[in-house]
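J.: Below is one structure. I have some questions about it.
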Amino acid sequence: MTRYPTAAESDPKILGYMQGLPPTLAAEIRMEDGSSWAFPQIRWAFSNQRQLVPTANIWRGTGHTASLARHLRDDLDHISFTTMADQPMTWVASLEANYTDGIIVLHKGAVIYERYFGALSPHVPHLAMSVTKSFVGLLAEILVSDGLIDPSAPVTTYLPEMAGTAYGDAQVLQVMDMTIGVRYSEEYTDPNAQVWDYARAAKVMPRPADYKGPETIFDFLKKLEKLGTHGDAFAYKTCNAEVLSWIVQRASNTALAELLSTRLWQKLGAEEDAYIAVDRIGTALGGGGLNLTLRDLARVGEMMRHEGKYHGQQIVPNSAVTRIANGASREAFAKAGYDTTPGWSYKSQWWVSHNEFGAYSARGIHGQALWIAPKAELVIARFASHPVASNANGPLDYVSLPAYDALTRHLLRG
């Protein structure tokens, strides 16, 4: 087993990354040489994406910031639980174990806990990774409620360019719920997995000098081949989120950054602008490019907890949130073989637990999370830079899911 430096040992401030004018060569972090994706450099890079890759701004508008009530509690750090690896742990120890960059807990609408570490602070956006997918899925559900997207329609209704590809005979709903049969590997430990081909096409990872692959996200998607049967099984693949993002933008005739601004950020009372990584022709990465502040992520969670309503305004149609929270086929999800999430489902790019608290979540590699438990009146937003990418069947879920459960039960006891 690889022994990584601890969260304290890998603190980017202590290591001096990107400090100095200019920083020393040893302190430099760049996308072009791959250092921005290496550990422990990611502990700085995830909070500084705008310095590394091209981005599009997501404007918060000119409205007032929606206030977050604060009733901070000092009894959470010592909450104890047992991890899925049978290790005793406390809530505060779990933050270190998960290489947490920032975490905020809302209970009954008020902030009861908020902490920041490393390179992150309240006003600094952090890379949300695949939490981005859940925003795209939410936009898709909004457009379904608006009548602009028909989930039962063929993908080619919106994207005729995808005829003859893996998606040529797929339905939009199958893209939304990731039950697409497509030749694509999301195995982060495999250097030859197609997820890295996608990242190079999007130009958020370095390309070799002799690179001859797809130049844009669109070029990459149009080369994907079918493998398996659509609608049969859930399989987590970022390419599906990118196809859905394309459908959302085509159906609304609006670029993703602008759509996020007008349909969410300007209505939400966001505290800060967000931004999203783009490829060389300005196409936003709908599969993982969103950067936002922790507090604004928590605001989104609180809006979802209230079925799309926030600060007296119905921002998202109630029907859109309800479809997400109700989940999808558990049988299809089970075929993915995740040991840490039995009985879950995946609906419109959201992970639905079907637990007693009605919890569902947005999740991203290296520990990004938005956990919403409506029946417990709880929202948890977390950014992290864990050295292990995958949440499922690994150290992140082993610690996080029991920690969420213990926190929930502690709060419900008063």
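Residues are referred to by chain and number: the chain letter is A, B, ... according to the order shown in the structure tokens, the number counts from 1 in that chain, and ligands are numbered separately from 1 in the order shown.
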Residues of stretch 119-212 of chain A that have any atom at most 6 Å from an atom of stretch 343-361 of chain A: could you tabulate them with the shortest-distance atom pair and the distance in Å to one decimal, using only C-alpha atoms, ordered by chain and increasing number, as a Markdown table?

T.:
```
| residue | atom | partner | partner_atom | distance |
| --- | --- | --- | --- | --- |
| A:Lys133 | CA | A:Gln349 | CA | 5.7 |
| A:Ser134 | CA | A:Gln349 | CA | 4.8 |
| A:Gly137 | CA | A:Ser348 | CA | 4.7 |
| A:Met176 | CA | A:Ser348 | CA | 4.6 |
| A:Asp177 | CA | A:Ser348 | CA | 5.0 |
```

J.: Quick one: pick out all alpha helix (DSSP H) residues within stretch 324-410 of chain A from a backbone DSSP run and write them as a list in words.

T.: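 Output for stretch 324-410 of chain A, alpha helix (DSSP H) only: Ile324, Ala325, Asn326, Arg330, Glu331, Ala332, Phe333, Ala334, Pro395, Leu396, Asp397, Tyr398, Val399, Ser400, Leu401, Pro402, Ala403, Tyr404, Asp405, Ala406, Leu407, Thr408, Arg409 and His410 of chain A.
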
J.: Would you pick out the contacts of A:Thr83 at 10 Å or less, using only C-alpha atoms, so that residues sharing its chain but fewer than 6 positions from it are not included, and give the list as a list in words?

T.: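 Listed by chain and then number, they are Met89, Thr90, Ser94, Pro395, Asp397, Tyr398, Val399, Ser400, Leu401, Pro402 and Ala403 of chain A.
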
J.: Export, as an mmCIF file, in the first residue's frame, the selected residues with C-alpha atoms.

T.:
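So the final result, stored in selection25.cif, reads:
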```
data_model
loop_
_atom_site.group_PDB
_atom_site.id
_atom_site.type_symbol
_atom_site.label_atom_id
_atom_site.label_comp_id
_atom_site.auth_asym_id
_atom_site.auth_seq_id
_atom_site.Cartn_x
_atom_site.Cartn_y
_atom_site.Cartn_z
ATOM 1 C CA MET A 89 -12.469 7.644 14.358
ATOM 2 C CA THR A 90 -13.819 11.049 15.340
ATOM 3 C CA SER A 94 -12.020 12.357 9.527
ATOM 4 C CA PRO A 395 -10.744 5.257 1.627
ATOM 5 C CA ASP A 397 -16.288 6.321 1.203
ATOM 6 C CA TYR A 398 -14.891 4.147 4.010
ATOM 7 C CA VAL A 399 -14.568 7.273 6.147
ATOM 8 C CA SER A 400 -17.087 9.739 4.726
ATOM 9 C CA LEU A 401 -20.288 7.702 4.660
ATOM 10 C CA PRO A 402 -20.063 6.510 8.304
ATOM 11 C CA ALA A 403 -19.051 10.049 9.321
#
```

J.: Please list as a PyMOL selection string every residue within 9 Å of A:Arg323, counting only C-alpha atoms and excluding residues in the same chain fewer than 4 positions away.

T.: chain A and resi 141+318-319+327-328+347-348

J.: For stretch 72-184 of chain A against stretch 251-257 of chain A, with a cut-off of 12 Å and counting only C-alpha atoms, what is the closest atom pair and its distance in Å to one decimal for every residue that makes the cut, ordered by chain and number, as CSV?

T.:
```
residue,atom,partner,partner_atom,distance
A:Thr132,CA,A:Leu256,CA,10.9
A:Lys133,CA,A:Leu256,CA,11.7
A:Phe135,CA,A:Leu256,CA,10.1
A:Val136,CA,A:Leu256,CA,8.3
A:Gly137,CA,A:Leu256,CA,11.8
A:Leu139,CA,A:Leu256,CA,9.3
A:Ala140,CA,A:Ala251,CA,9.3
A:Ile142,CA,A:Ser252,CA,10.6
A:Leu143,CA,A:Ser252,CA,7.7
A:Val144,CA,A:Ala251,CA,10.0
A:Asp146,CA,A:Ser252,CA,10.2
A:Gly147,CA,A:Ala251,CA,9.9
A:Leu148,CA,A:Ala251,CA,6.1
A:Ile149,CA,A:Ala251,CA,6.6
A:Asp150,CA,A:Ala251,CA,9.9
A:Pro151,CA,A:Ala251,CA,11.9
A:Val155,CA,A:Ala251,CA,11.1
A:Thr156,CA,A:Ala251,CA,11.7
A:Thr157,CA,A:Ala251,CA,9.7
A:Tyr158,CA,A:Ala251,CA,6.6
A:Leu159,CA,A:Ala251,CA,9.3
A:Val172,CA,A:Ala251,CA,11.7
```

J.: Using only N, CA and C atoms, please write the residues we just selected to a file, as a compact mmCIF listing (two decimals), in the first residue's frame.

T.:
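Saved result, selection24.txt, follows:
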```txt
# COMPACT_ATOMS: atom_id res chain seq x y z
N THR A 132 -19.64 18.79 -10.78
CA THR A 132 -20.08 19.49 -12.00
C THR A 132 -21.19 18.72 -12.70
N LYS A 133 -21.05 17.41 -12.78
CA LYS A 133 -22.04 16.58 -13.46
C LYS A 133 -23.43 16.78 -12.87
N PHE A 135 -24.62 19.42 -11.45
CA PHE A 135 -25.15 20.71 -11.91
C PHE A 135 -25.70 20.57 -13.33
N VAL A 136 -24.99 19.84 -14.18
CA VAL A 136 -25.48 19.60 -15.54
C VAL A 136 -26.77 18.79 -15.50
N GLY A 137 -26.81 17.77 -14.65
CA GLY A 137 -28.04 16.97 -14.52
C GLY A 137 -29.20 17.80 -14.00
N LEU A 139 -29.58 21.07 -14.46
CA LEU A 139 -30.01 21.90 -15.58
C LEU A 139 -30.86 21.10 -16.56
N ALA A 140 -30.47 19.86 -16.80
CA ALA A 140 -31.25 19.01 -17.70
C ALA A 140 -32.66 18.81 -17.16
N ILE A 142 -34.26 20.81 -15.15
CA ILE A 142 -34.96 22.09 -15.29
C ILE A 142 -35.54 22.22 -16.69
N LEU A 143 -34.73 21.87 -17.70
CA LEU A 143 -35.19 21.98 -19.09
C LEU A 143 -36.28 20.95 -19.40
N VAL A 144 -36.24 19.80 -18.71
CA VAL A 144 -37.34 18.83 -18.85
C VAL A 144 -38.62 19.46 -18.32
N ASP A 146 -39.28 22.54 -18.13
CA ASP A 146 -39.63 23.65 -19.02
C ASP A 146 -40.17 23.18 -20.37
N GLY A 147 -40.09 21.88 -20.64
CA GLY A 147 -40.54 21.34 -21.92
C GLY A 147 -39.54 21.48 -23.05
N LEU A 148 -38.29 21.83 -22.73
CA LEU A 148 -37.26 21.99 -23.76
C LEU A 148 -36.49 20.71 -24.04
N ILE A 149 -36.55 19.75 -23.11
CA ILE A 149 -35.92 18.44 -23.31
C ILE A 149 -36.94 17.36 -23.04
N ASP A 150 -37.03 16.40 -23.95
CA ASP A 150 -37.88 15.22 -23.79
C ASP A 150 -36.98 14.04 -23.43
N PRO A 151 -37.03 13.52 -22.20
CA PRO A 151 -36.14 12.43 -21.81
C PRO A 151 -36.28 11.18 -22.66
N VAL A 155 -31.16 10.73 -28.58
CA VAL A 155 -30.09 11.73 -28.46
C VAL A 155 -29.95 12.53 -29.75
N THR A 156 -30.14 11.85 -30.87
CA THR A 156 -29.95 12.51 -32.17
C THR A 156 -31.01 13.57 -32.46
N THR A 157 -32.09 13.60 -31.68
CA THR A 157 -33.05 14.70 -31.83
C THR A 157 -32.38 16.03 -31.55
N TYR A 158 -31.48 16.03 -30.59
CA TYR A 158 -30.77 17.25 -30.21
C TYR A 158 -29.37 17.31 -30.80
N LEU A 159 -28.77 16.15 -30.99
CA LEU A 159 -27.39 16.09 -31.49
C LEU A 159 -27.32 15.17 -32.71
N VAL A 172 -32.26 10.11 -24.43
CA VAL A 172 -31.73 11.14 -23.54
C VAL A 172 -31.75 10.67 -22.08
```

J.: May I ask which of the residues A:Ala85, A:Ile281, A:Leu244, A:Ala235 is the closest one to A:Leu221, counting only C-alpha atoms?

T.: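 Checking each of A:Ala85, A:Ile281, A:Leu244, A:Ala235 against A:Leu221, counting only C-alpha atoms, the winner is A:Leu244.
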
J.: Could you build a table of the residues in stretch 292-339 of chain A lying no more than 12 Å from stretch 38-51 of chain A, giving for each the nearest pair of atoms and their separation in Å rounded to one decimal place, using only C-alpha atoms, ordered by chain and ascending residue number, as a tab-separated table?

T.:
```
residue	atom	partner	partner_atom	distance
A:Leu292	CA	A:Ser47	CA	9.5
A:Thr293	CA	A:Ser47	CA	9.5
A:Leu294	CA	A:Ser47	CA	11.0
```

J.: Limited to C-alpha atoms, could you put the picked residues into a file as a PDB file, in the first residue's frame?

T.:
```pdb
ATOM      1  CA  LEU A 292     -17.038  27.500  -6.886  1.00  0.00           C
ATOM      2  CA  THR A 293     -16.782  28.544  -3.262  1.00  0.00           C
ATOM      3  CA  LEU A 294     -17.746  26.215  -0.464  1.00  0.00           C
TER       4      LEU A 294
END
```

J.: Using only C-alpha atoms, which residues sit within 10 Å of A:Leu290 once same-chain residues fewer than 2 positions away are excluded, as a list of chain:residue names?

T.: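 Returned residues: A:Gln49, A:Thr55, A:Ala56, A:Asn57, A:Ile58, A:Pro125, A:His126, A:Leu127, A:Ala128, A:Met129, A:Ser130, A:Val131, A:Thr132, A:Lys133, A:Phe135, A:Ala257, A:Ala274, A:Tyr275, A:Ile276, A:Ala277, A:Val278, A:Ala284, A:Leu285, A:Gly286, A:Gly287, A:Gly288, A:Leu292.
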
J.: If I take atom CA of A:Arg409 and atom CA of A:Ala376, how far is one from the other in Å, to one decimal?

T.: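 Value for the atom CA of A:Arg409-atom CA of A:Ala376 distance: 8.6 Å.
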
J.: Could you tell me how far atom CA of A:Trp371 lies from atom CA of A:Gln249, in Å and to one decimal?

T.: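 Value for the atom CA of A:Trp371-atom CA of A:Gln249 distance: 26.5 Å.
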
J.: Counting only C-alpha atoms, figure out which residue out of A:Ile324, A:Leu52, A:Val300, A:Ala199 gets nearest to A:Leu68.

T.: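 Once distances to A:Leu68 are computed over only C-alpha atoms, the minimum belongs to A:Val300.
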
J.: For A:Gln313, please output as a PyMOL selection string all residues within 9 Å (counting only C-alpha atoms; exclusion window: fewer than 3 positions along the same chain).

T.: chain A and resi 267-268+308-310+316

J.: Name the residues in contact with A:Leu297 at a cut-off of 10 Å, using only C-alpha atoms, excluding same-chain residues fewer than 5 positions from it; report them as a ChimeraX atom specification.

T.: /A:104,125,128,131,270,291-292,302-303,369-370,379-383
